[in-house]
Each structure stands twice: as structure tokens, then as C-alpha cells.
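Reviewing the structure listed below.
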Amino acid sequence: MNEIFDKLLIRILFTGFICIALFLYKYAHTIFYPSKKKQILKKIYPSENPVDTLHIFSRLIGVSLIFSTLEFNEYIGVFISSFHFFVWGIIGFVLYLLSIWIMESIIFYNFEYKDEVLKKKNMAYGIVSFILSICLAYIIRTIFKEAETSLVILVILWLFALVIFGFSTKLYKYISSLTFNSLMIQKNIGMSLSYAGFLIANTVLICSAFSHEHHDITSYCIQVILKVLLGALIIPIFRFSISYIFRISKHLSAEETDKLHMGQGIYEGALFITCAFLASIIIGQIHFGTIYPFF
Amino acid sequence: MNKLIIYIVLVLVYLGLSKSLSPSEFGVNYVFNQESLSKLIGAGPASVILTDTHSTGFIIKTYYHKYKVVYGFQSYEEIIVRTSSQFSTKHKNHIGLSIFRRFEDNKIDITPLPPGSIFIGDRNFGSWKKNRLGSKTWTFYRVYRHLPNYLGWGEFKPTYKFYQEILIRMNNSKEFYGFNDEFGVKGEITRQYFTSYFQRSRDKKINFKNFFKDYLKRNF
């Protein structure tokens, strides 16, 4: 009984530790986003500004996602395991917040947080920002797993993943009939759903490309590039097949209304995600074994 | 049309990158004829015995050969090479035969002959001895007593008649499997000493009834 009670106590202690880590995150956020300092430090009224609530909680979900990869190994000692969690938690914070800062600078280079969220309450901005945060958290989570507690490899993979993800976000205009900037200004939800699907699709592909065995970093990175490239080749085939099988006509009529955009956005977003998951089977789950013959 | 061009370019980039960056492309030599094989074989006398063949791939096959290179003055080596489809088909019946030999004066011969034909009759390696029946058989000198093991001969002892037949076949560039077909893919001696090819079940037939039974048992 004592042992069971002791284990429960340790679990509660670690829960408290994670709460302290979240508290620290709140202040770490203000370092990277000084303009949002007031917003994150003051009381939050979810019903007042749903866009802001979405924005703030997207980060929290992201941090939780990253935390979910970390482990407490109590058998190596409470102090050491707490220290390990603390160190890697901070590394996770820093990489995550830096990633968000970099990616938002790329995607929302025309938009300001203050204008879009606080003044205009632009839900389209909120949705894209929410999905972006979650996607980045998933990518960092995958990298954390692949780095296997090696800081050097973690940094290399993080930079590598960020370059691929940043590059991929720029391809939206080539594969979507919706224009990001102009529709974002118009607070178009359809476009935001389409872009959200696009981001999720990219994340699925990148995570799938990163999830394989690695023995040396060079060949690992080469394999990742090849897998991403393969994904870019496979996705159009699925996209064409789905459109053909379900007889989907994607052309917008001359009068582009919000309703039409909504339908088109949902269709595009769902299609991107479907294709990405199907492509991830092709690029990550077909195992040929070694091509070297074992005589 | 533009999208199609971009897609084709992407396919070419992928294939090019895969070809040049894939680690599987390194380390295996490509042999498509006897000349390319010649480059892999060191100083003579050397006998290249085809010991196994293998192919990978579903639609576009890649072919491999495994050779045992038995040298006269050094230990043998085993090499795996990638081959062309034609080269592989040409030698599909030559398992256990020497498909290439380099003489001491660097001359080469490519007639498929029993393994170690190059050493038979060479006074540097052995001599002809008369047996009880009065016929001459080839015996290696003591210092080369390991060669029959390397060559996969077992108890086989080449006779003078066998040697003469080898010389005739070499001159005519006509393959020779032994008087009783002891060597080659159907040869008893080859089956006994180069076992890997024969151990692998080549045309394994699937019994669907047993397969489903086994599958259900294992998975459910």
C-alpha cells in the first residue's frame, strides 16, 4: 500500500512540475512576443474574443504536444528526471516559440497580430494561426523523437524541418484556386479551412518523411528529402484520382460568393489532408527491405 | 500542359537524386559483360566460379551474381555484383561453373567450364598420376591441397580425358558441364558444394488453404 501511495504522490508531484513548466512558458512567451505581453499576462475572457482564445490555446496545445514526448524516469532519481524534463522542456519551449515566430513571419508577413486578432477579430487568421501552431508542435514532437536526446541532431533536424516546412507553405498559391492574402483580408473562413488543410497535409508528409531509422545524419537527411519529393509526386496522383472517382468539379463560378468559397475551402482542405495521409502510406509504410541480396 | 511538364521534371529530379544520393547505389559493381568482369579480377591464375544468382524487384528487375574467385597464389574471395538482364540470362545454367579465367600471362578465357579448369594440367600446381585402373588423374601438389576444397570438387578427380575435353571446349568456346553433367545448375557436385542457390526455394507454390489457415491462427 505504501508503495502505491508513494507512486501516486510522485505522479501528483510531477503533475505539479508540469504546471510550473506551463507557468514558465507563459513568461517565456513574452520574451519572444513582447508585443503580446499584455495579452498573455492579463485575464482571459474566452467569450469576449474567440479569435484570441483560439490563438492563445493553440500555443498551449502545442506545448502540451511537445511535453507529451518527454519522460520522467523516476528510477534514475526524482531530481535527475525532473532536471532532464526541465532542460528538455526549455529546449522544447525555445524551439517551438522560435518556430512559430519564424513561420508566422513567413505566412503572415502582411498581417499583424494586433490588427487581425485584437481589432478585427479575424477568425480566418485565428484558424490558420491555430493550425500552424499545432502543426509546428507535431513537427517538433517528431524531431524530438528522432533526435533521441542529442542536442546537436535536434538542432540540425529542427533547422532542416523548418526549411522544408517554410518552403512547402509557399507552394499554396500553385495548388489552390483561392488567394491567401486577399481572402485573408476579407476574413474568408473557406480560405482558412483550405490553408489549414494544406498545413496539416504538409505536416503529415514531413512527419512521415522524418519517421524512419537513422544511422548517420547525412544519409538520414537525404532520405528525408527524397521522401518529401516522393510525396510531392504521389499527392497529385491521389488528388486527380479522388477528383475523378467522385466526379468533383472544382471550378468556381463567375460570381464568387463567400458560400462558394466556403465549399471550395472545405473541399480543398479535406482533399489535401486525405491525399497527404494516403501519400504517407506510400512514402513511409512500404518496406522494401534492403536491396542488397543476402545470398 | 505546364503542370505536366513540372511533374515530369519532378519525377526526373527524384530519380536523379535517388540514383546519385541513395547509399544502395554505392559499393556494388556493375557487370554487363566479360570485359567488365575482367576489371574486377586480380592477377592470374584465377578462376571465377558463379556460385549464386539472385534478382530483386517486382516489375523492373535487378540481377545479382555471386562469384567465388579462386586464385592460384592467394586465398579465394567472394564478390557480389549487379549484372544486366542479358548477362544473367546467359549464365542462368552456369551455376557451379567457372565462367571466366585469367591465365598467368594475363590472357583471359570466358568459356563456361568446370571450376578450376585453369589449374588442371598446369605443372606449377600439380601432376598427373596413374590410378589402379591405369588412367591418369590430376593431383595437386601438397602446397595446393586446399584448391579442390576452394573449387568445390569434393571427391572429384579430373582425368586426362577430362583435361583434353576442356582444351577442346576452350578452343571451340563451347561450354562443358563434365562427362556426366557433374557441374552446372543440374550437376550433382554443384548441388553438393554450392548449396545456397539450391537451398532457397525458387518456385515456392502457395497453398491457399494452408496459407489462410496459418494466417488466421497467427493473427486472430
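Chain labels follow the order of the C-alpha cells: the first chain is A, the next B, and so on; residue numbering restarts at 1 in every chain, and ligands are counted from 1 in their shown order.
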Quick one: pick out all alpha helix (DSSP H) residues within segment 37-266 of chain A from a backbone DSSP run and write them as an MDAnalysis selection string. chainID A and resid 37:41 50:67 78:107 113 123:147 151:169 172:175 180:185 189:210 217:245 258:266
Could you pull out all residues of segment 56-196 of chain B with a DSSP call of strand (DSSP E) and give them as a PDB file with C-alpha atoms, in the first residue's frame?
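This is the output file out20.pdb:
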```
ATOM      1  CA  THR B  56      15.146  -8.287 -56.798  1.00  0.00           C
ATOM      2  CA  THR B  62      17.754  -6.010 -60.732  1.00  0.00           C
ATOM      3  CA  TYR B  63      20.029  -9.006 -61.150  1.00  0.00           C
ATOM      4  CA  TYR B  64      22.915 -10.053 -58.976  1.00  0.00           C
ATOM      5  CA  HIS B  65      25.654 -12.633 -59.290  1.00  0.00           C
ATOM      6  CA  LYS B  66      27.829 -14.039 -56.593  1.00  0.00           C
ATOM      7  CA  TYR B  67      31.271 -15.205 -57.627  1.00  0.00           C
ATOM      8  CA  LYS B  68      33.942 -17.189 -55.890  1.00  0.00           C
ATOM      9  CA  VAL B  69      37.279 -16.111 -57.283  1.00  0.00           C
ATOM     10  CA  VAL B  70      39.883 -18.805 -56.659  1.00  0.00           C
ATOM     11  CA  TYR B  71      43.429 -17.545 -57.145  1.00  0.00           C
ATOM     12  CA  GLU B  77      37.491 -14.157 -52.413  1.00  0.00           C
ATOM     13  CA  GLU B  78      33.737 -13.894 -52.817  1.00  0.00           C
ATOM     14  CA  ILE B  79      32.252 -10.947 -54.663  1.00  0.00           C
ATOM     15  CA  ILE B  80      28.686  -9.829 -55.325  1.00  0.00           C
ATOM     16  CA  VAL B  81      27.996  -7.834 -58.472  1.00  0.00           C
ATOM     17  CA  ARG B  82      24.981  -6.339 -60.156  1.00  0.00           C
ATOM     18  CA  THR B  83      24.514  -7.668 -63.672  1.00  0.00           C
ATOM     19  CA  SER B  98      33.906 -21.208 -63.987  1.00  0.00           C
ATOM     20  CA  ILE B  99      32.622 -18.512 -66.347  1.00  0.00           C
ATOM     21  CA  PHE B 100      35.839 -16.532 -66.515  1.00  0.00           C
ATOM     22  CA  ARG B 101      39.503 -17.322 -66.060  1.00  0.00           C
ATOM     23  CA  ARG B 102      42.636 -15.262 -66.198  1.00  0.00           C
ATOM     24  CA  ILE B 108      41.548 -14.428 -70.452  1.00  0.00           C
ATOM     25  CA  ASP B 109      39.011 -17.065 -71.408  1.00  0.00           C
ATOM     26  CA  GLY B 126      50.179 -30.485 -59.690  1.00  0.00           C
ATOM     27  CA  SER B 127      50.911 -33.538 -61.767  1.00  0.00           C
ATOM     28  CA  TRP B 128      49.212 -36.483 -63.483  1.00  0.00           C
ATOM     29  CA  LYS B 129      49.254 -39.695 -61.520  1.00  0.00           C
ATOM     30  CA  LYS B 130      48.209 -43.131 -62.668  1.00  0.00           C
ATOM     31  CA  LYS B 136      45.798 -40.727 -65.301  1.00  0.00           C
ATOM     32  CA  THR B 137      44.190 -38.364 -62.761  1.00  0.00           C
ATOM     33  CA  TRP B 138      45.185 -34.862 -61.786  1.00  0.00           C
ATOM     34  CA  THR B 139      46.633 -34.401 -58.288  1.00  0.00           C
ATOM     35  CA  PHE B 140      47.573 -31.044 -56.789  1.00  0.00           C
TER      36      PHE B 140
END
```
With 9 Å as the limit and counting only C-alpha atoms, what residues in chain B lie close to chain A? Please list them as a count of residues only. 25
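Residue nearest Pro45 of chain B within the list B:Asp105, B:Lys92, B:Leu15, B:Asn33: B:Asp105 [criterion: smallest interatomic distance, only C-alpha atoms].
Take atom CA of Ile266 of chain A and atom CA of Val51 of chain A: the distance between them is 19.5 Å.
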Straight-line distance linking atom CA of Leu151 of chain A with atom CA of Ile91 of chain A, stated in Å to one decimal: 8.9 Å
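For the atom pair formed by atom CA of Thr51 of chain B and atom CA of Phe156 of chain B, the distance is 17.7 Å, given to one decimal.
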Which of these, A:Phe246, A:Phe167, A:Phe130, A:Tyr75, has the shortest distance to Leu54 of chain A once you count only C-alpha atoms? A:Phe130
